[in-house]
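To be precise, the following lines are protein-v4.csv, and they hold CSV, C-alpha atoms and all ligand atoms.
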chain,number,residue,atom,x,y,z
A,13,MET,CA,-18.5,-0.3,-23.3
A,14,ASP,CA,-21.1,-1.6,-25.8
A,15,ILE,CA,-22.0,0.6,-28.8
A,16,LYS,CA,-25.6,0.3,-29.9
A,17,LEU,CA,-27.4,2.3,-32.5
A,18,SER,CA,-30.9,1.5,-33.7
A,19,GLY,CA,-32.8,3.0,-36.5
A,20,ILE,CA,-30.6,6.0,-37.0
A,21,THR,CA,-31.3,8.4,-39.8
A,22,LYS,CA,-29.1,11.4,-40.8
A,23,GLU,CA,-29.6,13.7,-43.7
A,24,TYR,CA,-27.7,16.7,-44.9
A,25,LEU,CA,-29.2,19.8,-46.4
A,26,HIS,CA,-27.8,20.7,-49.8
A,27,GLU,CA,-28.9,23.5,-52.2
A,28,GLU,CA,-30.7,20.9,-54.3
A,29,GLY,CA,-32.5,19.4,-51.3
A,30,THR,CA,-31.8,17.0,-48.5
A,31,ARG,CA,-29.6,13.9,-48.9
A,32,LYS,CA,-30.2,10.9,-46.6
A,33,VAL,CA,-26.8,9.5,-45.7
A,34,LEU,CA,-27.7,7.2,-42.8
A,35,ASP,CA,-31.0,5.6,-43.5
A,36,ASN,CA,-32.5,3.6,-40.6
A,37,LEU,CA,-29.0,2.4,-39.7
A,38,SER,CA,-28.5,-0.1,-36.9
A,39,LEU,CA,-25.3,-1.3,-35.3
A,40,PHE,CA,-24.3,-3.3,-32.3
A,41,VAL,CA,-20.6,-3.7,-31.2
A,42,PRO,CA,-20.2,-5.5,-27.9
A,43,SER,CA,-17.7,-4.2,-25.4
A,44,GLY,CA,-14.1,-5.2,-26.1
A,45,HIS,CA,-14.7,-6.2,-29.8
A,46,PHE,CA,-12.7,-5.0,-32.7
A,47,VAL,CA,-14.9,-4.4,-35.7
A,48,SER,CA,-14.1,-2.9,-39.1
A,49,ILE,CA,-16.7,-1.1,-41.1
A,50,ILE,CA,-15.9,-1.1,-44.8
A,51,GLY,CA,-17.5,0.9,-47.6
A,52,PRO,CA,-16.6,3.1,-50.5
A,53,SER,CA,-15.7,6.8,-50.2
A,54,GLY,CA,-18.7,9.0,-49.7
A,55,CYS,CA,-21.0,6.3,-48.4
A,56,GLY,CA,-21.3,7.9,-44.9
A,57,LYS,CA,-18.6,6.2,-42.8
A,58,THR,CA,-17.3,9.5,-41.2
A,59,THR,CA,-20.8,10.6,-40.6
A,60,LEU,CA,-21.5,7.4,-38.7
A,61,LEU,CA,-18.4,7.7,-36.6
A,62,LYS,CA,-19.1,11.3,-35.7
A,63,LEU,CA,-22.6,10.4,-34.7
A,64,ILE,CA,-21.3,7.6,-32.4
A,65,GLY,CA,-18.7,10.0,-31.0
A,66,GLY,CA,-21.2,12.8,-30.3
A,67,PHE,CA,-19.6,15.2,-32.7
A,68,ASP,CA,-22.7,15.9,-34.7
A,69,GLY,CA,-24.2,18.4,-32.3
A,70,HIS,CA,-27.0,16.2,-31.1
A,71,SER,CA,-25.3,14.5,-28.1
A,72,LYS,CA,-22.4,15.5,-25.8
A,73,PRO,CA,-19.0,14.0,-26.6
A,74,SER,CA,-17.7,11.8,-23.8
A,75,ARG,CA,-14.1,11.2,-22.8
A,76,GLU,CA,-14.7,7.5,-22.9
A,77,ILE,CA,-15.2,7.6,-26.6
A,78,PHE,CA,-12.3,9.0,-28.7
A,79,MET,CA,-12.1,9.5,-32.4
A,80,ILE,CA,-8.9,9.3,-34.4
A,81,PHE,CA,-9.2,11.0,-37.8
A,82,GLN,CA,-7.6,10.3,-41.1
A,83,ASP,CA,-5.8,13.7,-41.0
A,84,ALA,CA,-2.5,13.3,-39.3
A,85,ASN,CA,-2.7,16.9,-37.9
A,86,GLN,CA,-4.8,16.4,-34.8
A,87,LEU,CA,-2.3,17.6,-32.2
A,88,PHE,CA,-1.9,21.3,-31.4
A,89,PRO,CA,1.1,22.5,-33.4
A,90,TRP,CA,2.2,25.0,-30.7
A,91,ARG,CA,2.5,22.3,-28.0
A,92,THR,CA,5.1,19.5,-27.6
A,93,LEU,CA,3.9,15.9,-27.7
A,94,GLU,CA,4.0,15.7,-23.9
A,95,SER,CA,2.2,19.1,-23.5
A,96,ASN,CA,-0.5,18.0,-26.0
A,97,LEU,CA,-1.2,14.9,-23.8
A,98,SER,CA,-1.0,16.6,-20.5
A,99,TYR,CA,-3.3,19.4,-21.7
A,100,ALA,CA,-5.9,16.7,-22.6
A,101,ILE,CA,-5.4,14.9,-19.3
A,102,ARG,CA,-5.9,18.1,-17.3
A,103,LYS,CA,-9.0,18.9,-19.2
A,104,THR,CA,-10.5,15.5,-18.5
A,105,HIS,CA,-9.2,15.0,-14.9
A,106,LYS,CA,-10.2,18.0,-12.9
A,107,GLY,CA,-7.9,18.7,-10.0
A,108,ILE,CA,-5.0,16.6,-11.2
A,109,SER,CA,-1.6,18.2,-10.6
A,110,LYS,CA,0.8,19.3,-13.4
A,111,ALA,CA,3.3,16.8,-12.2
A,112,GLN,CA,0.8,13.9,-12.2
A,113,ALA,CA,-0.5,14.9,-15.6
A,114,ALA,CA,3.1,14.9,-17.0
A,115,GLU,CA,3.6,11.5,-15.5
A,116,LYS,CA,0.5,10.1,-17.1
A,117,ALA,CA,1.5,11.7,-20.4
A,118,LYS,CA,4.9,10.1,-20.3
A,119,ALA,CA,3.4,6.7,-19.5
A,120,ALA,CA,1.1,6.9,-22.5
A,121,LEU,CA,3.9,8.1,-24.8
A,122,SER,CA,5.9,5.2,-23.6
A,123,GLU,CA,3.1,2.8,-24.6
A,124,VAL,CA,3.3,3.9,-28.2
A,125,GLY,CA,7.1,4.1,-28.4
A,126,LEU,CA,7.3,7.9,-28.4
A,127,LEU,CA,8.7,8.6,-25.0
A,128,GLU,CA,12.1,9.8,-26.3
A,129,TYR,CA,10.2,12.3,-28.5
A,130,HIS,CA,8.1,13.8,-25.7
A,131,HIS,CA,9.7,17.3,-26.3
A,132,TYR,CA,9.1,17.3,-30.1
A,133,TYR,CA,6.5,19.5,-31.7
A,134,PRO,CA,4.1,17.9,-34.2
A,135,HIS,CA,5.9,19.4,-37.2
A,136,GLN,CA,9.0,17.5,-36.1
A,137,LEU,CA,7.2,14.1,-36.3
A,138,SER,CA,6.5,11.8,-39.2
A,139,GLY,CA,2.9,11.0,-40.2
A,140,GLY,CA,3.1,7.7,-38.5
A,141,MET,CA,4.5,9.2,-35.3
A,142,LYS,CA,1.7,11.8,-35.3
A,143,GLN,CA,-1.0,9.1,-35.5
A,144,ARG,CA,0.7,7.2,-32.7
A,145,GLY,CA,0.7,10.5,-30.7
A,146,ALA,CA,-3.1,10.8,-31.3
A,147,LEU,CA,-3.4,7.2,-30.1
A,148,ALA,CA,-1.3,8.0,-27.0
A,149,ARG,CA,-3.6,11.0,-26.2
A,150,ALA,CA,-6.7,8.7,-26.4
A,151,LEU,CA,-4.9,6.3,-23.9
A,152,ALA,CA,-3.8,9.2,-21.7
A,153,VAL,CA,-7.4,10.4,-21.1
A,154,GLY,CA,-8.5,6.8,-20.4
A,155,CYS,CA,-10.8,6.2,-23.4
A,156,LYS,CA,-12.8,3.0,-23.6
A,157,VAL,CA,-13.9,3.1,-27.2
A,158,LEU,CA,-11.7,4.0,-30.1
A,159,LEU,CA,-13.4,5.3,-33.3
A,160,MET,CA,-10.8,5.2,-36.1
A,161,ASP,CA,-11.6,6.9,-39.3
A,162,GLU,CA,-9.2,5.5,-42.0
A,163,PRO,CA,-6.3,6.6,-39.6
A,164,PHE,CA,-3.5,4.8,-41.5
A,165,THR,CA,-4.4,5.5,-45.1
A,166,SER,CA,-1.6,7.9,-45.7
A,167,LEU,CA,1.2,5.8,-44.1
A,168,ASP,CA,3.7,3.8,-46.1
A,169,ARG,CA,3.7,0.0,-45.7
A,170,VAL,CA,6.4,-0.2,-43.0
A,171,ASN,CA,4.7,2.5,-40.9
A,172,LYS,CA,1.3,0.9,-41.4
A,173,GLU,CA,2.6,-2.4,-40.1
A,174,ILE,CA,4.1,-0.7,-37.0
A,175,ALA,CA,0.7,1.1,-36.4
A,176,TYR,CA,-1.2,-2.2,-36.9
A,177,GLU,CA,0.9,-4.1,-34.3
A,178,LEU,CA,0.7,-1.2,-31.9
A,179,LEU,CA,-3.1,-0.8,-32.2
A,180,LEU,CA,-3.7,-4.6,-31.7
A,181,LYS,CA,-1.4,-4.6,-28.7
A,182,ILE,CA,-3.2,-1.7,-27.1
A,183,TRP,CA,-6.6,-3.1,-27.9
A,184,ARG,CA,-5.7,-6.4,-26.2
A,185,GLU,CA,-4.1,-4.8,-23.2
A,186,LYS,CA,-6.7,-2.2,-22.5
A,187,LYS,CA,-9.7,-4.3,-23.6
A,188,LEU,CA,-10.9,-1.4,-25.7
A,189,THR,CA,-13.9,-1.5,-28.1
A,190,VAL,CA,-12.6,-0.5,-31.5
A,191,ILE,CA,-14.7,0.6,-34.5
A,192,PHE,CA,-12.3,0.9,-37.4
A,193,VAL,CA,-13.5,2.4,-40.6
A,194,THR,CA,-11.7,1.7,-43.9
A,195,HIS,CA,-12.1,1.3,-47.6
A,196,ASP,CA,-9.3,-1.3,-47.6
A,197,LEU,CA,-10.5,-4.9,-47.2
A,198,GLU,CA,-6.9,-6.2,-46.7
A,199,GLU,CA,-6.5,-3.8,-43.8
A,200,ALA,CA,-9.9,-4.8,-42.3
A,201,GLU,CA,-8.9,-8.5,-42.5
A,202,ARG,CA,-5.5,-7.9,-41.0
A,203,LEU,CA,-7.0,-6.1,-37.9
A,204,SER,CA,-10.5,-6.9,-37.0
A,205,GLU,CA,-12.4,-9.8,-35.5
A,206,GLN,CA,-15.4,-8.9,-37.6
A,207,ILE,CA,-16.0,-7.0,-40.8
A,208,LEU,CA,-19.3,-5.2,-41.4
A,209,TYR,CA,-20.2,-3.8,-44.8
A,210,PHE,CA,-21.7,-0.3,-44.5
A,211,GLU,CA,-24.3,-1.2,-47.1
A,212,ASP,CA,-25.6,-4.0,-44.9
A,213,LEU,CA,-26.0,-1.7,-41.9
A,214,ASN,CA,-27.7,1.0,-43.8
A,215,GLY,CA,-31.3,1.2,-45.1
A,216,LYS,CA,-32.5,-1.9,-43.3
A,217,ILE,CA,-35.4,-2.2,-41.0
A,218,SER,CA,-33.9,-1.9,-37.5
A,219,VAL,CA,-34.0,-4.9,-35.1
A,301,LIG,N1,-21.3,18.5,-43.1
A,301,LIG,C1,-21.8,18.1,-44.3
A,301,LIG,N2,-22.8,18.8,-45.0
A,301,LIG,C2,-23.3,18.3,-46.1
A,301,LIG,N3,-23.0,17.1,-46.6
A,301,LIG,C3,-22.1,16.3,-46.0
A,301,LIG,C4,-21.5,16.8,-44.8
A,301,LIG,N4,-20.6,15.8,-44.4
A,301,LIG,C5,-20.7,14.8,-45.3
A,301,LIG,N5,-21.6,15.1,-46.3
A,301,LIG,C6,-22.0,14.3,-47.4
A,301,LIG,O1,-22.4,13.0,-46.9
A,301,LIG,C7,-21.9,12.0,-47.7
A,301,LIG,C8,-21.2,11.0,-46.8
A,301,LIG,O2,-20.0,11.6,-46.3
A,301,LIG,P1,-19.0,10.9,-45.4
A,301,LIG,O3,-19.7,10.5,-44.1
A,301,LIG,O4,-17.8,11.8,-45.2
A,301,LIG,O5,-18.5,9.6,-46.2
A,301,LIG,P2,-17.2,8.7,-46.1
A,301,LIG,O6,-16.6,8.9,-44.8
A,301,LIG,O7,-17.8,7.3,-46.2
A,301,LIG,O8,-16.4,9.0,-47.3
A,301,LIG,C9,-21.1,12.6,-48.8
A,301,LIG,O9,-22.0,12.7,-49.9
A,301,LIG,C10,-20.8,13.9,-48.3
A,301,LIG,O10,-20.6,14.9,-49.3
A,302,MG,MG,-14.7,9.5,-44.4
As C-alpha cells - that is how I would like this structure written.
Amino acid sequence: MDIKLSGITKEYLHEEGTRKVLDNLSLFVPSGHFVSIIGPSGCGKTTLLKLIGGFDGHSKPSREIFMIFQDANQLFPWRTLESNLSYAIRKTHKGISKAQAAEKAKAALSEVGLLEYHHYYPHQLSGGMKQRGALARALAVGCKVLLMDEPFTSLDRVNKEIAYELLLKIWREKKLTVIFVTHDLEEAERLSEQILYFEDLNGKISV
C-alpha cells in the first residue's frame, strides 16, 4: 500500500495562539519500502504519523495501517499476550471463531519469538518483549503499513539488535510498507532503505 500525502498542514491551538507543526508537507512512500524519517524532538514526527494513521480525528483509522508507539505499554494490562492478540483479531475479523482467533494469535506470537510467553501478562514482560508483542498484534490483524514512532528508544543495545533483526525479517517476509520515525541517525541507517529529513518534507511547495 502506497502512502501519499500532499500539501498537508496541521496546526495546534495554544493559549498564545496557533502553532503550525505541519506546513504544506508532502510525502510519498511506495508500497513495500522501508523509510525512516529523522528529526529532532518536538519537530512534528508523532503528529505526522498520527495523521497518516488516521488518529487525528479527521479520517477513520484502518486496520491495514498500524502504529507502534514509543511507550512500551500498548497492550491491555488485564489480558495475557495471547488474549491481547485474539481480542484485536476478533475486533477486526468479524465472525471468526474463538479457536481460529487463538490459532492466529499463536502464529503471530511465534513469528516474534514469544510463543512460549503466550500466557504472560504485560507486566511480566520486559520492554523489548512488550514491543515485540505490539508488533505481533499488528501482524495478527494483517496490517500492510507499519508506522513506528521511536519504538526502540528505551531498549538496551542487545534488545535493540534483536528488535532490528526481527523488524527487518518481518518487513521482508510480509512485504510491509514501513515508516520509521527516529531521532537516531545510526538507527535509521541500520534499518531503512531511504532516510528522509523531516525539515526537507515540511514547509515546501507540494509537488
Ligand atoms: N495535542 C496537541 N496539542 C497541542 N500541541 C501539540 C499536541 N501534540 C503535539 N503538540 C505540539 O506540536 C509539536 C510537535 O509535536 P510532536 O509531533 O509530538 O513532535 P515529535 O514527535 O517530533 O517530538 C510540539 O511543539 C508539541 O508540543
Ligand atoms: Mg514524537
**Request:** Check the smallest atom-to-atom distance from each of A:Arg31, A:Glu115, A:Met13, A:Leu159 to Gly66 of chain A using only C-alpha atoms, then report the winner.
**Result:**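 Ranking A:Arg31, A:Glu115, A:Met13, A:Leu159 by distance to Gly66 of chain A, first place goes to A:Leu159.
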**Message:** Which polymer residues, whether protein, DNA or RNA, lie within 9 Å of the coordinate (-24.6, 2.1, -28.8) when you count only C-alpha atoms? List them as a list in words, using the chain letters and numbers from the file.
**Reply:**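 Result, sorted by chain then residue number: Met13, Asp14, Ile15, Lys16, Leu17, Ser18, Leu39, Phe40, Val41, Pro42 and Ile64 of chain A.
Identified as lying at most 9 Å from ligand LIG 301 (chain A) when counting all atoms listed in the file are the residues A:Glu23, A:Tyr24, A:Leu25, A:His26, A:Thr30, A:Arg31, A:Lys32, A:Val33, A:Leu34, A:Ile50, A:Gly51, A:Pro52, A:Ser53, A:Gly54, A:Cys55, A:Gly56, A:Lys57, A:Thr58, A:Thr59, A:Leu60, A:Leu61, A:Lys62, A:Asp68, A:Asp161, A:Glu162, A:Val193, A:Thr194, A:His195, A:Phe210.
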**Request:** Would you mind telling me which residue in A:Leu213, A:Ala146, A:Ile207, A:Leu121 lies nearest to Asp35 of chain A when using all atoms listed in the file?
**Result:** A:Leu213
**Message:** Which residues are near segment 188-191 of chain A? Cut-off 6 Å, all atoms listed in the file, ignore same chain within fewer than 2 positions. Put them as a VMD selection string.
**Reply:** chain A and resid 43 to 48 156 to 159 183 186
**Request:** Quick one: pull the distance between atom CA of Asp212 of chain A and atom CA of Met79 of chain A, Å, one decimal.
**Result:** 22.8 Å
**Test item: residues at most 9 Å from Ser166 of chain A, only C-alpha atoms, excluding those fewer than 6 positions along its chain, as a ChimeraX atom specification** = /A:82-84,139-140,172
